[in-house]
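The file model15.txt contains compact mmCIF, C-alpha atoms:
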# COMPACT_ATOMS: atom_id res chain seq x y z
CA MET R 1 188.50 100.07 154.78
CA VAL R 2 185.10 100.09 153.10
CA ARG R 3 185.33 96.35 152.63
CA LEU R 4 186.15 95.83 156.29
CA LEU R 5 183.15 97.87 157.38
CA ARG R 6 180.75 96.25 154.92
CA PRO R 7 179.40 93.70 157.47
CA LEU R 8 177.99 96.63 159.48
CA ALA R 9 175.59 97.36 156.61
CA ARG R 10 174.32 93.79 156.38
CA GLY R 11 171.19 92.85 158.26
CA ALA R 12 172.50 89.30 158.76
CA THR R 13 175.20 90.64 161.11
CA TYR R 14 172.58 91.84 163.57
CA THR R 15 170.20 88.90 163.19
CA ARG R 16 173.13 86.58 163.94
CA LEU R 17 173.90 88.59 167.06
CA LEU R 18 170.26 88.27 168.08
CA HIS R 19 170.49 84.52 167.49
CA LEU R 20 173.47 84.38 169.87
CA TRP R 21 171.64 86.42 172.48
CA VAL R 22 168.48 84.27 172.57
CA PRO R 23 169.86 81.45 174.78
CA MET R 24 171.33 84.03 177.16
CA ALA R 25 167.82 85.11 178.17
CA ALA R 26 167.16 81.68 179.68
CA LEU R 27 170.69 81.50 181.11
CA SER R 28 170.29 84.89 182.79
CA VAL R 29 167.13 83.74 184.53
CA TRP R 30 168.88 80.59 185.72
CA LEU R 31 171.93 82.51 186.99
CA TRP R 32 169.61 84.80 188.91
CA VAL R 33 167.96 81.76 190.55
CA ARG R 34 171.05 79.57 191.06
CA PRO R 35 174.30 81.49 190.49
CA ASP R 36 176.23 78.64 192.15
CA LEU R 37 175.37 76.18 189.33
CA PRO R 38 176.19 78.00 186.08
CA TRP R 39 176.89 74.71 184.26
CA MET R 40 173.43 73.23 184.89
CA PRO R 41 171.81 74.62 181.67
CA LEU R 42 174.42 72.80 179.59
CA LEU R 43 173.41 69.55 181.27
CA VAL R 44 169.71 70.22 180.72
CA LEU R 45 170.31 70.78 177.01
CA VAL R 46 171.32 67.12 176.54
CA PRO R 47 167.82 65.57 176.92
CA VAL R 48 166.30 68.57 175.14
CA GLY R 49 168.50 68.05 172.09
CA LEU R 50 167.57 64.37 171.94
CA VAL R 51 163.93 65.26 171.22
CA PRO R 52 163.53 64.76 167.42
CA ALA R 53 161.34 67.84 166.86
CA VAL R 54 163.91 70.20 168.44
CA ARG R 55 166.07 69.80 165.36
CA VAL R 56 163.31 71.24 163.17
CA GLY R 57 162.79 74.22 165.47
CA GLU R 58 166.49 74.99 165.66
CA GLY R 59 166.80 74.64 161.89
CA ALA R 60 163.93 77.08 161.29
CA GLN R 61 165.38 79.58 163.76
CA ALA R 62 168.85 79.30 162.23
CA ARG R 63 167.46 79.78 158.73
CA LEU R 64 165.59 82.94 159.71
CA LEU R 65 168.35 84.55 161.77
CA LEU R 66 171.65 83.16 160.48
CA THR R 67 170.98 83.06 156.74
CA PRO R 68 167.99 85.33 156.03
CA GLY R 69 167.00 85.26 152.39
CA GLU R 70 169.01 82.15 151.53
CA PRO R 71 167.49 78.80 150.43
CA GLU R 72 166.06 76.76 153.27
CA SER R 73 167.23 73.44 151.82
CA GLN R 74 170.54 73.74 153.70
CA TRP R 75 168.77 73.46 157.08
CA ALA R 76 166.96 70.56 158.73
CA ALA R 77 163.32 70.47 157.66
CA ARG R 78 162.22 67.27 159.37
CA PRO R 79 162.63 65.72 162.83
CA ALA R 80 165.82 63.83 163.56
CA ALA R 81 165.30 60.19 162.63
CA ALA R 82 168.73 58.79 163.50
CA TRP R 83 170.51 59.00 166.85
CA ARG R 84 173.50 60.56 165.12
CA ASP R 85 171.34 63.52 164.08
CA ARG R 86 169.99 63.83 167.63
CA TRP R 87 173.50 64.04 169.07
CA ARG R 88 174.40 66.60 166.42
CA THR R 89 171.49 68.67 167.73
CA VAL R 90 172.78 68.29 171.31
CA LEU R 91 176.24 69.45 170.26
CA TRP R 92 174.70 72.39 168.43
CA LEU R 93 172.74 73.49 171.51
CA GLN R 94 175.84 73.26 173.68
CA LEU R 95 177.96 75.23 171.20
CA ARG R 96 175.25 77.84 170.77
CA MET R 97 175.05 78.36 174.53
CA VAL R 98 178.84 78.76 174.86
CA LEU R 99 179.14 81.13 171.90
CA GLY R 100 176.12 83.04 173.17
CA GLY R 101 177.83 83.51 176.53
CA VAL R 102 180.96 84.86 174.86
CA ALA R 103 178.88 87.21 172.70
CA ALA R 104 176.84 88.45 175.67
CA CYS R 105 179.92 89.18 177.78
CA GLY R 106 181.66 90.91 174.89
CA THR R 107 178.72 93.09 173.88
CA VAL R 108 178.16 94.18 177.50
CA TRP R 109 181.66 94.71 178.87
CA LEU R 110 183.62 95.88 175.83
CA PRO R 111 181.50 99.07 175.37
CA ILE R 112 181.76 99.70 179.13
CA LEU R 113 185.53 99.38 178.95
CA SER R 114 185.71 101.72 175.96
CA TYR R 115 183.59 104.29 177.81
CA ALA R 116 185.76 104.00 180.91
CA LEU R 117 188.93 104.59 178.90
CA ALA R 118 187.41 107.58 177.13
CA ALA R 119 186.24 109.05 180.43
CA ARG R 120 189.69 108.60 181.94
CA ALA R 121 191.24 110.31 178.92
CA VAL R 122 189.26 113.48 179.60
CA GLY R 123 189.89 113.32 183.33
CA HIS R 124 186.50 112.04 184.53
CA GLY R 125 187.60 108.54 185.50
CA THR R 126 187.85 107.47 189.13
CA GLY R 127 190.57 104.93 188.58
CA GLU R 128 192.42 103.19 185.81
CA PRO R 129 191.69 99.58 184.83
CA ALA R 130 193.92 97.26 186.79
CA ALA R 131 195.78 96.10 183.67
CA LEU R 132 196.89 99.61 182.74
CA GLY R 133 198.60 100.77 185.87
CA GLY R 134 198.38 104.30 187.15
CA ALA R 135 201.44 106.08 185.81
CA GLU R 136 200.62 106.50 182.14
CA PRO R 137 199.82 109.97 180.73
CA GLN R 138 196.19 110.82 179.96
CA TRP R 139 196.60 110.64 176.15
CA VAL R 140 197.31 106.88 176.39
CA TYR R 141 193.68 106.32 177.42
CA ALA R 142 192.49 108.28 174.40
CA LEU R 143 194.51 105.98 172.14
CA LEU R 144 193.25 102.83 173.88
CA ALA R 145 189.56 103.83 174.03
CA PRO R 146 188.69 102.70 170.44
CA LEU R 147 190.38 99.31 170.85
CA PRO R 148 187.50 97.63 172.76
CA LEU R 149 185.09 98.74 170.02
CA VAL R 150 187.37 97.22 167.37
CA VAL R 151 187.48 94.00 169.37
CA LEU R 152 183.69 94.17 169.72
CA TYR R 153 183.30 94.54 165.95
CA ALA R 154 185.62 91.58 165.30
CA LEU R 155 183.84 89.55 167.99
CA VAL R 156 180.35 90.17 166.61
CA VAL R 157 181.29 89.49 162.99
CA GLY R 158 183.55 86.56 163.80
CA LEU R 159 181.09 84.84 166.14
CA GLY R 160 178.33 85.37 163.57
CA GLU R 161 180.35 83.64 160.88
CA LEU R 162 181.40 80.89 163.29
CA VAL R 163 177.88 80.11 164.52
CA THR R 164 176.60 80.11 160.93
CA ALA R 165 179.28 77.67 159.78
CA ALA R 166 178.66 75.45 162.82
CA GLY R 167 174.91 75.59 162.20
CA ARG R 168 175.28 74.48 158.60
CA ARG R 169 177.49 71.63 159.76
CA LEU R 170 175.38 70.44 162.67
CA LEU R 171 171.87 71.37 161.56
CA GLY R 172 172.30 70.76 157.85
CA PRO R 173 170.74 67.65 156.31
CA SER R 174 172.61 64.44 156.96
CA ALA R 175 173.46 61.96 154.22
CA ALA R 176 170.31 59.97 155.00
CA GLU R 177 168.18 63.12 154.91
CA ARG R 178 169.71 64.21 151.62
CA LEU R 179 169.01 60.76 150.18
CA ALA R 180 165.40 60.91 151.40
CA ALA R 181 164.98 64.37 149.87
CA LEU R 182 166.46 63.13 146.59
CA GLU R 183 164.08 60.17 146.55
CA GLU R 184 161.15 62.49 147.26
CA ARG R 185 162.22 64.79 144.44
CA THR R 186 162.59 61.80 142.11
CA ASP R 187 159.07 60.63 143.00
CA GLN R 188 157.73 64.11 142.23
CA LEU R 189 159.46 64.16 138.86
CA LEU R 190 158.16 60.69 138.03
CA GLU R 191 154.65 61.78 138.99
CA ARG R 192 154.93 64.85 136.77
CA THR R 193 156.12 62.64 133.92
CA ARG R 194 153.19 60.30 134.45
CA ILE R 195 150.75 63.23 134.46
CA ALA R 196 152.27 64.63 131.27
CA ARG R 197 151.95 61.22 129.64
CA GLU R 198 148.32 60.94 130.77
CA LEU R 199 147.50 64.31 129.25
CA HIS R 200 149.36 63.46 126.04
CA ASP R 201 147.43 60.23 125.58
CA SER R 202 144.00 61.56 126.53
CA ILE R 203 144.07 64.99 124.88
CA GLY R 204 146.00 63.72 121.85
CA HIS R 205 143.43 60.98 121.27
CA ALA R 206 140.51 63.41 121.63
CA LEU R 207 142.00 65.94 119.22
CA THR R 208 142.86 63.28 116.67
CA VAL R 209 139.32 61.91 116.74
CA ALA R 210 137.82 65.41 116.51
CA VAL R 211 139.98 66.39 113.52
CA LEU R 212 139.24 63.15 111.63
CA GLN R 213 135.53 63.29 112.40
CA ALA R 214 135.26 66.92 111.29
CA GLY R 215 137.14 66.21 108.06
CA ALA R 216 135.08 63.11 107.30
CA ALA R 217 131.80 64.95 107.98
CA ARG R 218 132.74 67.76 105.62
CA ALA R 219 133.75 65.30 102.89
CA ALA R 220 130.64 63.14 103.29
CA ASP R 221 128.22 66.08 103.01
CA SER R 222 125.56 63.97 104.75
CA PRO R 223 123.39 65.24 107.62
CA GLU R 224 123.19 61.74 109.13
CA PHE R 225 126.97 61.26 109.05
CA THR R 226 127.55 64.77 110.34
CA ASP R 227 125.23 64.06 113.26
CA ARG R 228 127.13 60.86 114.11
CA ALA R 229 130.44 62.68 113.80
CA LEU R 230 129.37 65.48 116.11
CA THR R 231 128.15 62.92 118.65
CA ALA R 232 131.49 61.13 118.56
CA ILE R 233 133.35 64.43 118.91
CA GLU R 234 131.17 65.39 121.87
CA GLU R 235 131.67 62.07 123.69
CA THR R 236 135.41 62.01 123.09
CA GLY R 237 135.81 65.65 124.11
CA ARG R 238 133.79 65.12 127.28
CA ALA R 239 135.99 62.18 128.28
CA ALA R 240 139.12 64.24 127.61
CA LEU R 241 137.76 67.11 129.70
CA GLU R 242 137.12 64.72 132.58
CA ASP R 243 140.72 63.51 132.40
CA LEU R 244 141.98 67.08 132.20
CA GLU R 245 139.92 68.18 135.21
CA ARG R 246 141.11 65.20 137.23
CA VAL R 247 144.78 65.90 136.47
CA LEU R 248 144.50 69.63 137.08
CA GLY R 249 142.76 68.92 140.38
CA VAL R 250 145.73 66.84 141.49
CA LEU R 251 148.16 69.61 140.47
CA ARG R 252 146.18 72.30 142.29
CA GLU R 253 145.82 70.34 145.53
CA ALA R 254 148.82 68.21 146.44
CA GLY R 255 146.90 66.17 149.03
CA ARG R 256 143.91 65.53 146.80
CA PRO R 257 143.48 61.91 145.62
CA ALA R 258 143.90 61.37 141.93
CA GLY R 259 140.39 60.01 141.49
CA PRO R 260 139.35 57.05 139.36
CA ARG R 261 141.22 56.52 136.11
CA PRO R 262 139.77 54.61 133.16
CA THR R 263 140.52 50.90 132.91
CA LEU R 264 140.34 48.25 130.22
CA THR R 265 136.76 47.47 131.22
CA GLU R 266 135.98 50.72 129.35
CA ALA R 267 137.86 49.65 126.22
CA ASP R 268 134.63 49.62 124.19
CA ARG R 269 134.58 53.41 124.40
CA LEU R 270 137.96 53.59 122.66
CA LEU R 271 136.94 51.08 120.00
CA GLU R 272 133.70 52.88 119.22
CA SER R 273 135.51 56.20 119.03
CA ALA R 274 137.95 54.77 116.49
CA ARG R 275 135.15 53.22 114.46
CA ALA R 276 133.24 56.50 114.44
CA SER R 277 136.32 58.13 112.92
CA GLY R 278 136.01 55.92 109.83
CA THR R 279 138.42 53.14 110.83
CA ARG R 280 137.18 49.54 110.61
CA VAL R 281 138.24 47.96 113.89
CA ASP R 282 138.03 44.19 114.39
CA ALA R 283 138.35 43.55 118.10
CA GLU R 284 138.94 40.31 119.97
CA VAL R 285 138.67 40.68 123.74
CA THR R 286 139.01 37.52 125.80
CA GLY R 287 139.48 36.85 129.48
CA PRO R 288 138.20 38.51 132.64
CA LEU R 289 139.22 42.14 132.25
CA GLU R 290 137.59 43.03 135.56
CA SER R 291 139.96 40.71 137.43
CA LEU R 292 143.11 42.44 136.17
CA PRO R 293 145.12 44.29 138.84
CA GLY R 294 144.40 48.02 138.91
CA PRO R 295 147.78 49.21 137.59
CA VAL R 296 147.78 46.64 134.76
CA SER R 297 144.23 47.53 133.71
CA ARG R 298 144.80 51.31 133.85
CA GLU R 299 148.08 51.23 131.96
CA GLY R 300 146.59 48.78 129.46
CA TYR R 301 143.81 51.27 128.75
CA ARG R 302 146.30 54.05 128.06
CA ILE R 303 148.43 51.78 125.87
CA LEU R 304 145.39 50.80 123.81
CA GLN R 305 144.36 54.45 123.57
CA GLU R 306 147.76 55.54 122.29
CA ALA R 307 147.99 52.63 119.83
CA LEU R 308 144.59 53.49 118.32
CA THR R 309 145.51 57.19 118.23
CA ASN R 310 148.62 56.31 116.23
CA VAL R 311 146.47 54.36 113.78
CA LEU R 312 144.11 57.29 113.29
CA ARG R 313 146.83 59.93 113.14
CA HIS R 314 149.40 58.21 110.94
CA ALA R 315 147.58 55.53 108.95
CA GLY R 316 144.16 57.09 108.50
CA ALA R 317 141.02 55.08 107.72
CA VAL R 318 142.69 51.69 107.34
CA PRO R 319 141.49 48.42 108.86
CA ALA R 320 142.86 47.74 112.33
CA ARG R 321 142.83 44.53 114.33
CA VAL R 322 142.78 44.74 118.12
CA ARG R 323 143.44 41.76 120.34
CA VAL R 324 143.19 41.91 124.12
CA VAL R 325 143.81 38.73 126.10
CA ALA R 326 143.54 38.74 129.87
CA SER R 327 144.43 35.72 132.00
CA GLY R 328 142.99 34.92 135.37
CA GLY R 329 146.36 35.51 137.02
CA GLY R 330 146.47 39.16 136.04
CA ALA R 331 148.69 38.91 132.93
CA LEU R 332 147.69 40.87 129.84
CA VAL R 333 148.56 40.64 126.16
CA LEU R 334 147.51 43.60 124.03
CA GLU R 335 148.08 43.80 120.28
CA VAL R 336 147.04 46.35 117.66
CA ARG R 337 147.77 45.78 113.95
CA ASN R 338 147.06 48.00 111.00
CA ALA R 339 148.15 48.32 107.39
CA LEU R 340 150.75 50.97 106.69
CA PRO R 341 149.55 53.90 104.55
CA ALA R 342 150.27 53.85 100.85
CA SER R 343 152.68 56.79 101.20
CA GLY R 344 154.92 54.65 103.37
CA THR R 345 154.96 57.12 106.24
CA GLU R 346 156.09 55.40 109.41
CA ALA R 347 153.70 55.62 112.30
CA GLY R 348 154.56 57.07 115.63
CA ARG R 349 157.51 59.38 115.18
CA GLY R 350 156.51 61.32 118.32
CA SER R 351 156.59 60.43 122.00
CA GLY R 352 153.55 58.13 121.94
CA LEU R 353 155.41 54.91 121.19
CA ARG R 354 158.09 55.81 123.70
CA GLY R 355 155.33 56.28 126.26
CA ILE R 356 153.96 52.82 125.45
CA ARG R 357 157.37 51.26 126.04
CA GLU R 358 157.84 53.21 129.26
CA ARG R 359 154.46 52.10 130.60
CA ALA R 360 155.24 48.47 129.82
CA ALA R 361 158.70 48.66 131.39
CA LEU R 362 157.27 50.30 134.51
CA LEU R 363 155.15 47.20 135.14
CA GLY R 364 157.94 44.78 134.25
CA GLY R 365 156.49 43.95 130.84
CA ARG R 366 157.64 44.13 127.24
CA ALA R 367 156.52 46.19 124.26
CA TYR R 368 157.22 45.71 120.58
CA THR R 369 156.42 48.49 118.14
CA GLY R 370 157.20 48.45 114.44
CA PRO R 371 156.45 46.68 111.18
CA ASP R 372 156.17 42.91 111.24
CA ALA R 373 156.93 40.27 108.60
CA THR R 374 153.58 40.75 106.86
CA GLY R 375 154.18 44.45 106.34
CA ASP R 376 151.64 45.59 108.91
CA TRP R 377 152.42 47.99 111.72
CA ARG R 378 152.16 46.18 115.01
CA VAL R 379 152.04 47.26 118.65
CA ARG R 380 152.30 44.29 120.98
CA VAL R 381 152.52 44.67 124.74
CA GLU R 382 152.84 41.91 127.33
CA LEU R 383 152.24 42.84 130.95
CA PRO R 384 152.91 40.21 133.65
CA ALA R 385 150.73 39.45 136.63
CA ALA R 386 151.25 42.07 139.36

Just give me the structure as structure tokens.
Amino acid sequence: MVRLLRPLARGATYTRLLHLWVPMAALSVWLWVRPDLPWMPLLVLVPVGLVPAVRVGEGAQARLLLTPGEPESQWAARPAAAWRDRWRTVLWLQLRMVLGGVAACGTVWLPILSYALAARAVGHGTGEPAALGGAEPQWVYALLAPLPLVVLYALVVGLGELVTAAGRRLLGPSAAERLAALEERTDQLLERTRIARELHDSIGHALTVAVLQAGAARAADSPEFTDRALTAIEETGRAALEDLERVLGVLREAGRPAGPRPTLTEADRLLESARASGTRVDAEVTGPLESLPGPVSREGYRILQEALTNVLRHAGAVPARVRVVASGGGALVLEVRNALPASGTEAGRGSGLRGIRERAALLGGRAYTGPDATGDWRVRVELPAA
């Protein structure tokens, strides 16, 4: 018994009843104006349901009244793009009007009938309902009086469940909408991955340079070297803070543009930072870097940054050779070589090398990372013209 009466304690039971009653307000006005055309509102709902934005409004109303507190992803959140979705909205409006009419009649007349039966049972009625006849004893009305209320309870709960199920079916996202939402979610995850990779490269490079510079300055015990080391730490830290502020600004404000990102035209800054850390860097930069497509130049900068960070972090102060070749058509070849440390520790056990390969693959290029035939560690990336 308690289980059967549990819906009476749920707020959704009453919000669903309110949802069924809403269209009856407009229908009541129409029936007061033209009682001879009760079917006209159903006809008017056809062009209304074909309006794309109506689907969003009905979905929001259904979410608030039919499933309060549940996730909103099961309801339409964007205008109907396909004609199939528009006709689903039309069918929903028609069904909602019909079920609303049944609910309105039941909630009005069933309590009246129950009251009439109860009044007749105590001898205050002025006539029995036509279906009951006039010969039954008075106690029969007392037994029948609760039945309309039971029917009312079943009607309210049943119609609430029915309209909710129909709403999920007709106002829920279609296959195309689910696919669009999945693609949007995938784009968001890819963007988060890109941001995480940006922070890893920028902050990781800055911290590596700072640690090496501080250690070298302490070992050198030279005011001049210490001054140069602090300058390098300051410049590298400032650049990392700019990258961090740019990324955090994008995360705080979804509509905010990402702002300018460093490109290979600023590669000298990376080379000087590596040299200031005690690494001898021989660089060969050929070709018009400024003519490279934006994505190629930006990703090339990050690849070079990560490759130099790996040299500093895993190989230490060993000679490194950097080769950057840009062609007029937008293709780029980037290579960083360095001797492996005497301990034989392999460079790049973390996510940096994986990030280099992912960046290259994203632009349709290739990346090779590992020791070559001469025993040096080599990072070679080839990015095609965009």

inquiry  = Using only C-alpha atoms, which protein or nucleic acid residues come within 10 Å of R:Gly167? Drop anything in the same chain fewer than 3 positions from it, and give the result as a ChimeraX atom specification.
reply    = /R:58-59,62-63,66,74-75,88-89,92-93,95-96,161-164,170-172

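Note that the spacing between atom CA of R:Gly101 and atom CA of R:Val46 amounts to 17.6 Å.
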
inquiry  = List the spatial neighbours of R:Glu335 as a list in words - criterion: any atom at most 8 Å away, all atoms listed in the file, same-chain residues fewer than 6 positions off excluded.
reply    = Arg321, Val322, Arg323, Val324, Arg378, Val379, Arg380 and Val381 of chain R

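Going from atom CA of R:Val29 to atom CA of R:Met97 covers 13.8 Å.
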
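Close contacts of R:Leu308, defined as residues with an atom at most 9 Å away when counting all atoms listed in the file, with chain neighbours fewer than 5 positions off set aside, comprise His205, Leu270, Leu271, Ala274, Ile303, Arg313, Ala320, Val322 and Val336 of chain R.
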
Give me a file of those residues, with C-alpha atoms, as an mmCIF file, in the coordinates of the input.
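Once written, part-v9.cif looks like this:
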data_model
loop_
_atom_site.group_PDB
_atom_site.id
_atom_site.type_symbol
_atom_site.label_atom_id
_atom_site.label_comp_id
_atom_site.auth_asym_id
_atom_site.auth_seq_id
_atom_site.Cartn_x
_atom_site.Cartn_y
_atom_site.Cartn_z
ATOM 1 C CA HIS R 205 143.430 60.980 121.270
ATOM 2 C CA LEU R 270 137.960 53.590 122.660
ATOM 3 C CA LEU R 271 136.940 51.080 120.000
ATOM 4 C CA ALA R 274 137.950 54.770 116.490
ATOM 5 C CA ILE R 303 148.430 51.780 125.870
ATOM 6 C CA ARG R 313 146.830 59.930 113.140
ATOM 7 C CA ALA R 320 142.860 47.740 112.330
ATOM 8 C CA VAL R 322 142.780 44.740 118.120
ATOM 9 C CA VAL R 336 147.040 46.350 117.660
#

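For the pair atom CA of R:Arg337 and atom CA of R:Asp227, the interatomic distance is 29.0 Å.
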
ask   = In file coordinates, which residues lie within 10 Å of (171.0, 85.0, 175.0) using all atoms listed in the file, given as a PyMOL selection string?
value = chain R and resi 17-28+96-97+99-104

ask   = When distances are computed from all atoms listed in the file, which of R:Ser277, R:Ser202, R:Gln138, R:Thr286 shows the smallest separation from R:Ala118?
value = R:Gln138
